[in-house]
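Participant: The structure's right below; bear with me while I get my questions together.
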Amino acid sequence: MSLLSVKGLTRHYGPLKAVDDISFSLEEGTILGFIGPNGAGKSTTMRILATLDVPTAGQVLLDGKSVVDSPDQVRPLLGYMPDRYGTYDDMTVVEFLDFFARAYRLKGPERKKRVDSVMEFAGLTPLADKLTVALSKGMKQRVALGRTLLHDPRLLILDEPADGLDPRARIELRELLKALSAQGKAVLISSHILTELSEICDTCAIIEQGRLLATGPVAEILRGTAGAAPHHDLQLKLFGAGPALDEAAKKTERLLLEQPLVKNVSVEGSVIRLTIELQAGTAPTPGWGEEASVRLLKVLIAADAPVCSFQARELDLEDAFMTVTKGKVQ
Amino acid sequence: MTTVTFSERLAEAAGPIVVKEVRQGLRAKVFAIFFGLLLLGCLVVALVAAAEFDRSRSVDLGPDYFRLFLGALAIVEYFVIPYMAFRAMAREREDETWVLLVLTGLGARRIVRGKVSSALAQGLLYASACAPFVLFSYYLNGIDLPTVLVALVMAAAWSCLLVCVGVGAATQAHSRLGRALVHFVVLAVLLGGTAAGIAFSAFFAEEGGRLLREQVGFRVFCVAHVAFCVTTAWVASEGAASGLALLSENAAKGPRLALSLQVLLATVVAGISAVVVDHGDKVASSVGSVGSALYLCLAGLFAVSEHDGFPPAFARTRRWFKPGALRSFTMLVLLLMSSTAVWFAIYVAFSGGREAKYERIVLAPPLFVVLYLSLGVLLGRLTPLRGLGEPIATRTGFALAVVLGTAVPMFLSVMTGHHAEYKELNVLSPLLGIASINGGARGERVMILAGVSALLFGFLAYTTLSSRDVERRS
């Protein structure tokens, strides 16, 4: 049985369908990335799962217990970290964690042991006596994560935890989440930074306008995004700057679109992404992609395109997200 | 073996919120500043009193200095502590840390209780610093110990009420604008409350001892004051817990239960007091009815500002405890009716002869309350105000109804060539209408019109709330 099971979850605010009939499940020890544009319904869904809101319809079971009918039984099983860290400025790190440990009814030596172990896990021990107001964003976020771990929950719900963090803090967060997953905890995480998610998530759910557009293991979603036909994704970079670069990019784009098998050409500054795709039903021969790439590169050089980099590219979550969603918000 | 210290055991017993709040409170600069100022002020006054007492031993200096000590303590107990409690809760809301607290399983009621308890604990610290000086005033002659004790108990009750009102107010606003508005209202209420508290302390220091000895009515008043403060503090803290409740929790049950029990208790105490005092005073029942109506108007404004309908999870909750403005409105009308009935019964039984004027004064205020609360409900639901959401829309609707109900008749009076206070047009004005209730035939007209309007708009409000209740539930 899944640790978290969401069936037909719906939440309406008057005529607005914030969440519309979504279903997914989450196993222990897995990380599910919850992806969607702003206003897609991610936070509403997470708040319902965290017992902070009630659904208009649908069922959410955490370890077989309903979050609507038995919120008191569900709360000890989950740790929720909202997009605001929620720390008290005039408390030190250890006082803050001790306070929440008391709130979770941990007593005496057990409480101290738990606070110490959480501080050690989150790398907060050297900051124990620092006021939370004096901490960096990344450290505050660690304190908030430490708070969610105090009662040893089985499910972690993290709403945009990487928002506003610098690259180092993001990498450290990634490592912490991987460690938590290895401990058997299920993690539901929403983020806009899709490259981060693709590296840590086992599964993902893409939501837009309150509706779940795709769900499942990341590799499966990427396969679905790529389509059924054999394809080869490429990325090339042009040399130059200013109007000359813009002119070269336009010329190269036109040239690429004229070539057979080339599809999905997108230009972003000096970077051009494209796909070489065989017609559906055509059996690919070994090395067909590389051969096609070589032919394409020759064409570009013959046309005097200022190409300074040309390489194969793996599809990532960002591609899946852009393909599946239409960028609509409510 | 680990030894558990006394302070640790105390902290475990007090609960996490109290520990946190006291820790934060004592660390704040405000505490150190006011604690120092209070001690210094009291010390200087005590030294002056000692010098004066040395010079004129025959003069009773006690009441004068008792008033000064109590005044100094009042500033801290009636303003500083309630305001700090308000800020602490408001910060919890602004930073959304209360959500994290609720998720720990503490529950809204325990959070509020923790905030109030820690504020009272800090109040006790201030009071203990001031206690030797207050006691010193007893040695300056002219004031007895029972008077000192009664004054302190009444002051403690007043402080408790103001703390709960502050904490309750902090949970009511959700938007930035709302929070700013509430901040101003709280400042005004606390300043008013402090001024009233200091004025009463001054009066009590002068006359309290004599009145306590000579007048049963004053003793009843003192008990009623403490009972009112404590029960209203309870209602306010239940309101605060309701303001913090999540959608998955029943926010309506606590405040409804507290308000109903308070009204029940008040009517029982009023009845018993009437029998004990047996004073035959028409004014007392009139004042009681007007006071009850005003209080229920204020408390009712928050009660009827609930959201309509309720989530399916509460389908099995008992009828009167199901959330929803419909049930709050009905409860409020019933409370008004029962409280008015008791005051009327007291009037009839103990006034020693009925007078139409006093009957109208007892019966009219609840009619005006029903009328204007109903208008608030209707304006909040049937006009574009409804876009603000039921709580704000109802409160804004009520304020609008009161302002328009006062201003429009005055404007029409002027437009038709009369004085602004022209009584024929100001019959249903919430200020001038009630004020003209004691005037013979005009009073009768006001009474009839207020009754018919209250019935009509009350019915309309009830049917509107009923249909929205059904609509929201489906």
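Residues are referred to by chain and number: the chain letter is A, B, ... according to the order shown in the structure tokens, the number counts from 1 in that chain, and ligands are numbered separately from 1 in the order shown.
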Pull out every residue of chain A sitting within 9 Å of chain B, counting only C-alpha atoms, and send them as a VMD selection string.

Facilitator: chain A and resid 14 50 to 57 68 to 69 71 to 72 75 to 76 78 to 82 84 to 88 90 to 91 95 to 96 99 to 105 107 to 109 151

Participant: Go through stretch 137-306 of chain A and collect every residue that DSSP, computed from the backbone, puts in strand (DSSP E or B); the answer should be as a PyMOL selection string.

Facilitator: chain A and resi 155-159+186-190+203-208+211-217+231-238+262-268+271-277

Participant: DSSP says alpha helix (DSSP H) for which residues of stretch 63-161 of chain A? Put them as a VMD selection string?

Facilitator: chain A and resid 71 to 74 93 to 103 108 to 121 137 to 149

Participant: Check the smallest atom-to-atom distance from each of A:Ile157, A:Ala303, A:Ala241, A:Val6 to A:Ser23 using only C-alpha atoms, then report the winner.

Facilitator: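 Going through A:Ile157, A:Ala303, A:Ala241, A:Val6 one by one, the smallest distance to A:Ser23 is for A:Val6.
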
Participant: What does the distance from atom CA of B:Gly443 to atom CA of B:Leu425 come to in Å, to one decimal?

Facilitator: 13.1 Å

Participant: Residues at most 12 Å from stretch 137-143 of chain B, counting only C-alpha atoms, excluding those fewer than 5 positions away in the same chain, as a PDB file with N, CA and C atoms, in the first residue's frame?

Facilitator:
```
ATOM      1  N   CYS B  42       7.937  54.187  41.339  1.00  0.00           N
ATOM      2  CA  CYS B  42       7.343  53.819  42.628  1.00  0.00           C
ATOM      3  C   CYS B  42       8.286  54.192  43.774  1.00  0.00           C
ATOM      4  N   VAL B  45       8.155  57.961  44.348  1.00  0.00           N
ATOM      5  CA  VAL B  45       6.884  58.331  44.990  1.00  0.00           C
ATOM      6  C   VAL B  45       6.891  57.883  46.446  1.00  0.00           C
ATOM      7  N   ALA B  46       7.416  56.683  46.704  1.00  0.00           N
ATOM      8  CA  ALA B  46       7.450  56.164  48.077  1.00  0.00           C
ATOM      9  C   ALA B  46       8.333  57.037  48.967  1.00  0.00           C
ATOM     10  N   LEU B  47       9.452  57.508  48.426  1.00  0.00           N
ATOM     11  CA  LEU B  47      10.344  58.360  49.206  1.00  0.00           C
ATOM     12  C   LEU B  47       9.663  59.695  49.538  1.00  0.00           C
ATOM     13  N   VAL B  48       8.970  60.235  48.540  1.00  0.00           N
ATOM     14  CA  VAL B  48       8.231  61.486  48.768  1.00  0.00           C
ATOM     15  C   VAL B  48       7.159  61.259  49.823  1.00  0.00           C
ATOM     16  N   ALA B  49       6.443  60.116  49.705  1.00  0.00           N
ATOM     17  CA  ALA B  49       5.369  59.804  50.655  1.00  0.00           C
ATOM     18  C   ALA B  49       5.937  59.663  52.067  1.00  0.00           C
ATOM     19  N   ALA B  50       7.095  59.005  52.181  1.00  0.00           N
ATOM     20  CA  ALA B  50       7.699  58.794  53.499  1.00  0.00           C
ATOM     21  C   ALA B  50       8.069  60.144  54.127  1.00  0.00           C
ATOM     22  N   ALA B  51       8.608  61.037  53.287  1.00  0.00           N
ATOM     23  CA  ALA B  51       8.994  62.353  53.801  1.00  0.00           C
ATOM     24  C   ALA B  51       7.765  63.132  54.257  1.00  0.00           C
ATOM     25  N   GLU B  52       6.710  63.062  53.440  1.00  0.00           N
ATOM     26  CA  GLU B  52       5.481  63.789  53.767  1.00  0.00           C
ATOM     27  C   GLU B  52       4.831  63.209  55.028  1.00  0.00           C
ATOM     28  N   PHE B  53       4.876  61.897  55.134  1.00  0.00           N
ATOM     29  CA  PHE B  53       4.273  61.205  56.277  1.00  0.00           C
ATOM     30  C   PHE B  53       5.005  61.601  57.564  1.00  0.00           C
ATOM     31  N   ASP B  54       6.284  61.803  57.459  1.00  0.00           N
ATOM     32  CA  ASP B  54       7.100  62.225  58.595  1.00  0.00           C
ATOM     33  C   ASP B  54       6.674  63.593  59.103  1.00  0.00           C
ATOM     34  N   SER B  56       3.611  65.162  58.491  1.00  0.00           N
ATOM     35  CA  SER B  56       2.219  65.290  58.945  1.00  0.00           C
ATOM     36  C   SER B  56       1.628  63.920  59.231  1.00  0.00           C
ATOM     37  N   ARG B  57       1.869  63.411  60.390  1.00  0.00           N
ATOM     38  CA  ARG B  57       1.445  62.058  60.741  1.00  0.00           C
ATOM     39  C   ARG B  57      -0.075  61.938  60.908  1.00  0.00           C
ATOM     40  N   SER B  58      -0.725  63.079  61.165  1.00  0.00           N
ATOM     41  CA  SER B  58      -2.166  63.007  61.436  1.00  0.00           C
ATOM     42  C   SER B  58      -2.998  62.933  60.149  1.00  0.00           C
ATOM     43  N   VAL B  59      -2.407  63.257  59.009  1.00  0.00           N
ATOM     44  CA  VAL B  59      -3.181  63.280  57.752  1.00  0.00           C
ATOM     45  C   VAL B  59      -3.180  61.880  57.123  1.00  0.00           C
ATOM     46  N   ASP B  60      -4.360  61.500  56.552  1.00  0.00           N
ATOM     47  CA  ASP B  60      -4.446  60.196  55.876  1.00  0.00           C
ATOM     48  C   ASP B  60      -3.893  60.325  54.461  1.00  0.00           C
ATOM     49  N   LEU B  61      -2.680  59.852  54.261  1.00  0.00           N
ATOM     50  CA  LEU B  61      -2.060  59.974  52.925  1.00  0.00           C
ATOM     51  C   LEU B  61      -2.306  58.752  52.050  1.00  0.00           C
ATOM     52  N   GLY B  62      -2.782  57.662  52.670  1.00  0.00           N
ATOM     53  CA  GLY B  62      -2.937  56.371  51.958  1.00  0.00           C
ATOM     54  C   GLY B  62      -3.646  56.448  50.620  1.00  0.00           C
ATOM     55  N   PRO B  63      -4.889  56.994  50.574  1.00  0.00           N
ATOM     56  CA  PRO B  63      -5.628  56.994  49.297  1.00  0.00           C
ATOM     57  C   PRO B  63      -4.878  57.701  48.171  1.00  0.00           C
ATOM     58  N   ASP B  64      -4.249  58.832  48.515  1.00  0.00           N
ATOM     59  CA  ASP B  64      -3.543  59.590  47.464  1.00  0.00           C
ATOM     60  C   ASP B  64      -2.402  58.781  46.860  1.00  0.00           C
ATOM     61  N   TYR B  65      -1.611  58.157  47.720  1.00  0.00           N
ATOM     62  CA  TYR B  65      -0.452  57.419  47.203  1.00  0.00           C
ATOM     63  C   TYR B  65      -0.849  56.076  46.606  1.00  0.00           C
ATOM     64  N   PHE B  66      -1.920  55.494  47.164  1.00  0.00           N
ATOM     65  CA  PHE B  66      -2.443  54.248  46.582  1.00  0.00           C
ATOM     66  C   PHE B  66      -2.865  54.509  45.134  1.00  0.00           C
ATOM     67  N   ARG B  67      -3.503  55.662  44.937  1.00  0.00           N
ATOM     68  CA  ARG B  67      -3.950  56.055  43.600  1.00  0.00           C
ATOM     69  C   ARG B  67      -2.739  56.181  42.654  1.00  0.00           C
ATOM     70  N   LEU B  68      -1.672  56.789  43.157  1.00  0.00           N
ATOM     71  CA  LEU B  68      -0.472  56.971  42.322  1.00  0.00           C
ATOM     72  C   LEU B  68       0.177  55.632  41.950  1.00  0.00           C
ATOM     73  N   PHE B  69       0.331  54.751  42.949  1.00  0.00           N
ATOM     74  CA  PHE B  69       0.947  53.449  42.678  1.00  0.00           C
ATOM     75  C   PHE B  69       0.096  52.645  41.694  1.00  0.00           C
ATOM     76  N   LEU B  70      -1.223  52.688  41.947  1.00  0.00           N
ATOM     77  CA  LEU B  70      -2.133  51.935  41.080  1.00  0.00           C
ATOM     78  C   LEU B  70      -2.124  52.509  39.657  1.00  0.00           C
ATOM     79  N   CYS B 130       5.581  45.957  42.122  1.00  0.00           N
ATOM     80  CA  CYS B 130       4.847  47.117  42.621  1.00  0.00           C
ATOM     81  C   CYS B 130       4.179  46.830  43.984  1.00  0.00           C
ATOM     82  N   ALA B 131       4.034  45.524  44.306  1.00  0.00           N
ATOM     83  CA  ALA B 131       3.276  45.124  45.493  1.00  0.00           C
ATOM     84  C   ALA B 131       3.769  45.776  46.798  1.00  0.00           C
ATOM     85  N   PRO B 132       5.093  45.798  47.067  1.00  0.00           N
ATOM     86  CA  PRO B 132       5.535  46.410  48.328  1.00  0.00           C
ATOM     87  C   PRO B 132       5.119  47.877  48.449  1.00  0.00           C
ATOM     88  N   VAL B 148      -7.778  47.600  49.388  1.00  0.00           N
ATOM     89  CA  VAL B 148      -6.593  47.366  48.551  1.00  0.00           C
ATOM     90  C   VAL B 148      -6.770  46.065  47.771  1.00  0.00           C
ATOM     91  N   LEU B 149      -7.213  45.028  48.482  1.00  0.00           N
ATOM     92  CA  LEU B 149      -7.358  43.715  47.831  1.00  0.00           C
ATOM     93  C   LEU B 149      -8.411  43.745  46.736  1.00  0.00           C
ATOM     94  N   VAL B 150      -9.573  44.351  47.049  1.00  0.00           N
ATOM     95  CA  VAL B 150     -10.650  44.423  46.044  1.00  0.00           C
ATOM     96  C   VAL B 150     -10.158  45.200  44.823  1.00  0.00           C
ATOM     97  N   ALA B 151      -9.452  46.295  45.073  1.00  0.00           N
ATOM     98  CA  ALA B 151      -8.934  47.102  43.949  1.00  0.00           C
ATOM     99  C   ALA B 151      -7.982  46.278  43.086  1.00  0.00           C
ATOM    100  N   PHE B 204     -11.810  54.773  43.045  1.00  0.00           N
ATOM    101  CA  PHE B 204     -11.876  53.685  44.015  1.00  0.00           C
ATOM    102  C   PHE B 204     -10.986  53.977  45.221  1.00  0.00           C
ATOM    103  N   ALA B 205      -9.809  54.551  44.964  1.00  0.00           N
ATOM    104  CA  ALA B 205      -8.903  54.867  46.063  1.00  0.00           C
ATOM    105  C   ALA B 205      -9.553  55.869  47.013  1.00  0.00           C
ATOM    106  N   GLU B 206     -10.328  56.762  46.449  1.00  0.00           N
ATOM    107  CA  GLU B 206     -10.959  57.821  47.248  1.00  0.00           C
ATOM    108  C   GLU B 206     -12.217  57.319  47.960  1.00  0.00           C
ATOM    109  N   GLU B 207     -13.117  56.676  47.193  1.00  0.00           N
ATOM    110  CA  GLU B 207     -14.452  56.362  47.699  1.00  0.00           C
ATOM    111  C   GLU B 207     -14.697  54.870  47.911  1.00  0.00           C
ATOM    112  N   GLY B 208     -13.818  54.040  47.357  1.00  0.00           N
ATOM    113  CA  GLY B 208     -14.065  52.595  47.346  1.00  0.00           C
ATOM    114  C   GLY B 208     -14.305  52.009  48.721  1.00  0.00           C
ATOM    115  N   GLY B 209     -13.450  52.360  49.679  1.00  0.00           N
ATOM    116  CA  GLY B 209     -13.563  51.792  51.025  1.00  0.00           C
ATOM    117  C   GLY B 209     -14.917  52.087  51.642  1.00  0.00           C
ATOM    118  N   ARG B 210     -15.323  53.356  51.549  1.00  0.00           N
ATOM    119  CA  ARG B 210     -16.607  53.764  52.140  1.00  0.00           C
ATOM    120  C   ARG B 210     -17.775  53.059  51.446  1.00  0.00           C
ATOM    121  N   LEU B 212     -17.795  50.302  49.746  1.00  0.00           N
ATOM    122  CA  LEU B 212     -17.798  48.854  50.013  1.00  0.00           C
ATOM    123  C   LEU B 212     -18.441  48.560  51.371  1.00  0.00           C
TER     124      LEU B 212
END
```

Participant: Which polymer residues have any atom within 9 Å of an atom of B:Arg109, counting only C-alpha atoms, with same-chain residues fewer than 3 positions away left out, as a list in words?

Facilitator: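 Counting only C-alpha atoms, the residues come to Leu106, Val112, Arg113, Gly114, Ser237, Glu238, Ala240, Ala241, Ser242, Leu244 and Ala245 of chain B.
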
Participant: One decimal, Å: what's the distance from atom CA of B:Leu332 over to atom CA of B:Ser453, could you say?

Facilitator: 17.2 Å

Participant: Taking only C-alpha atoms into account, name the residue in A:Lys130, A:Lys178, A:Cys204, A:Val93 that is nearest to A:Ala144.

Facilitator: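 Closest candidate: A:Val93.
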
Participant: With distances taken over only C-alpha atoms, which of A:Ile276, A:Leu4, A:Leu150, A:Met139 is nearest to A:Glu110?

Facilitator: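 Checking each candidate against A:Glu110, we get A:Leu150 as the closest.
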
Participant: Near stretch 427-433 of chain B, within 7 Å and counting only C-alpha atoms, which residues show up once chain neighbours fewer than 2 positions away are dropped, as a PyMOL selection string?

Facilitator: chain B and resi 368+402+405-406+423-425+435-437+446+450

Participant: Kindly save the residues from that selection, with C-alpha atoms included, as a short mmCIF file (atom, residue, chain, number, x, y, z; two decimals), in the first residue's frame.

Facilitator:
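Final file, out_27.cif:
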```cif
data_model
loop_
_atom_site.label_atom_id
_atom_site.label_comp_id
_atom_site.auth_asym_id
_atom_site.auth_seq_id
_atom_site.Cartn_x
_atom_site.Cartn_y
_atom_site.Cartn_z
CA PHE B 368 -32.31 48.14 17.10
CA VAL B 402 -25.02 52.43 11.11
CA GLY B 405 -28.86 54.98 9.27
CA THR B 406 -27.54 58.00 11.16
CA LYS B 423 -37.33 63.32 15.25
CA GLU B 424 -40.04 62.26 12.81
CA LEU B 425 -37.42 61.37 10.20
CA ALA B 435 -32.57 58.66 22.22
CA SER B 436 -36.19 59.61 21.50
CA ILE B 437 -37.63 56.35 22.84
CA VAL B 446 -40.30 54.49 17.45
CA ALA B 450 -38.27 49.48 15.29
#
```

Participant: So how far away is atom CA of B:Tyr372 from atom CA of B:Leu404, in Å?

Facilitator: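 Separation of atom CA of B:Leu404 and atom CA of B:Tyr372: 10.7 Å.
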
Participant: Excluding B:Leu456 and its own-chain neighbours fewer than 6 positions away, which residues fall within 12 Å of it when counting only C-alpha atoms? Please give them as a PyMOL selection string.

Facilitator: chain B and resi 367+370-372+374-375+378+449-450+462-463

Participant: Env of A:Leu145: 8 Å cut, atoms = only C-alpha atoms, seq-sep filter 3 positions within chain, self excluded. Answer as a PyMOL selection string.

Facilitator: chain A and resi 81+122+141-142+148-149

Participant: Save out the residues we just selected, N, CA and C atoms, as a PDB file, in the first residue's frame.

Facilitator:
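Written out: out-v4.pdb:
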```pdb
ATOM      1  N   MET A  81       6.737  22.036   5.332  1.00  0.00           N
ATOM      2  CA  MET A  81       7.560  23.249   5.286  1.00  0.00           C
ATOM      3  C   MET A  81       6.957  24.186   4.243  1.00  0.00           C
ATOM      4  N   ALA A 122      21.274  18.418   9.881  1.00  0.00           N
ATOM      5  CA  ALA A 122      21.119  19.597   9.007  1.00  0.00           C
ATOM      6  C   ALA A 122      22.353  20.496   9.016  1.00  0.00           C
ATOM      7  N   GLN A 141      16.670  28.117   5.936  1.00  0.00           N
ATOM      8  CA  GLN A 141      15.940  27.036   5.310  1.00  0.00           C
ATOM      9  C   GLN A 141      16.307  25.692   5.939  1.00  0.00           C
ATOM     10  N   ARG A 142      17.579  25.556   6.344  1.00  0.00           N
ATOM     11  CA  ARG A 142      18.009  24.343   7.038  1.00  0.00           C
ATOM     12  C   ARG A 142      17.329  24.233   8.408  1.00  0.00           C
ATOM     13  N   THR A 148      10.935  20.508  10.622  1.00  0.00           N
ATOM     14  CA  THR A 148       9.981  19.518  10.094  1.00  0.00           C
ATOM     15  C   THR A 148      10.407  18.087  10.439  1.00  0.00           C
ATOM     16  N   LEU A 149      11.683  17.916  10.797  1.00  0.00           N
ATOM     17  CA  LEU A 149      12.177  16.550  11.062  1.00  0.00           C
ATOM     18  C   LEU A 149      12.111  16.168  12.534  1.00  0.00           C
TER      19      LEU A 149
END
```
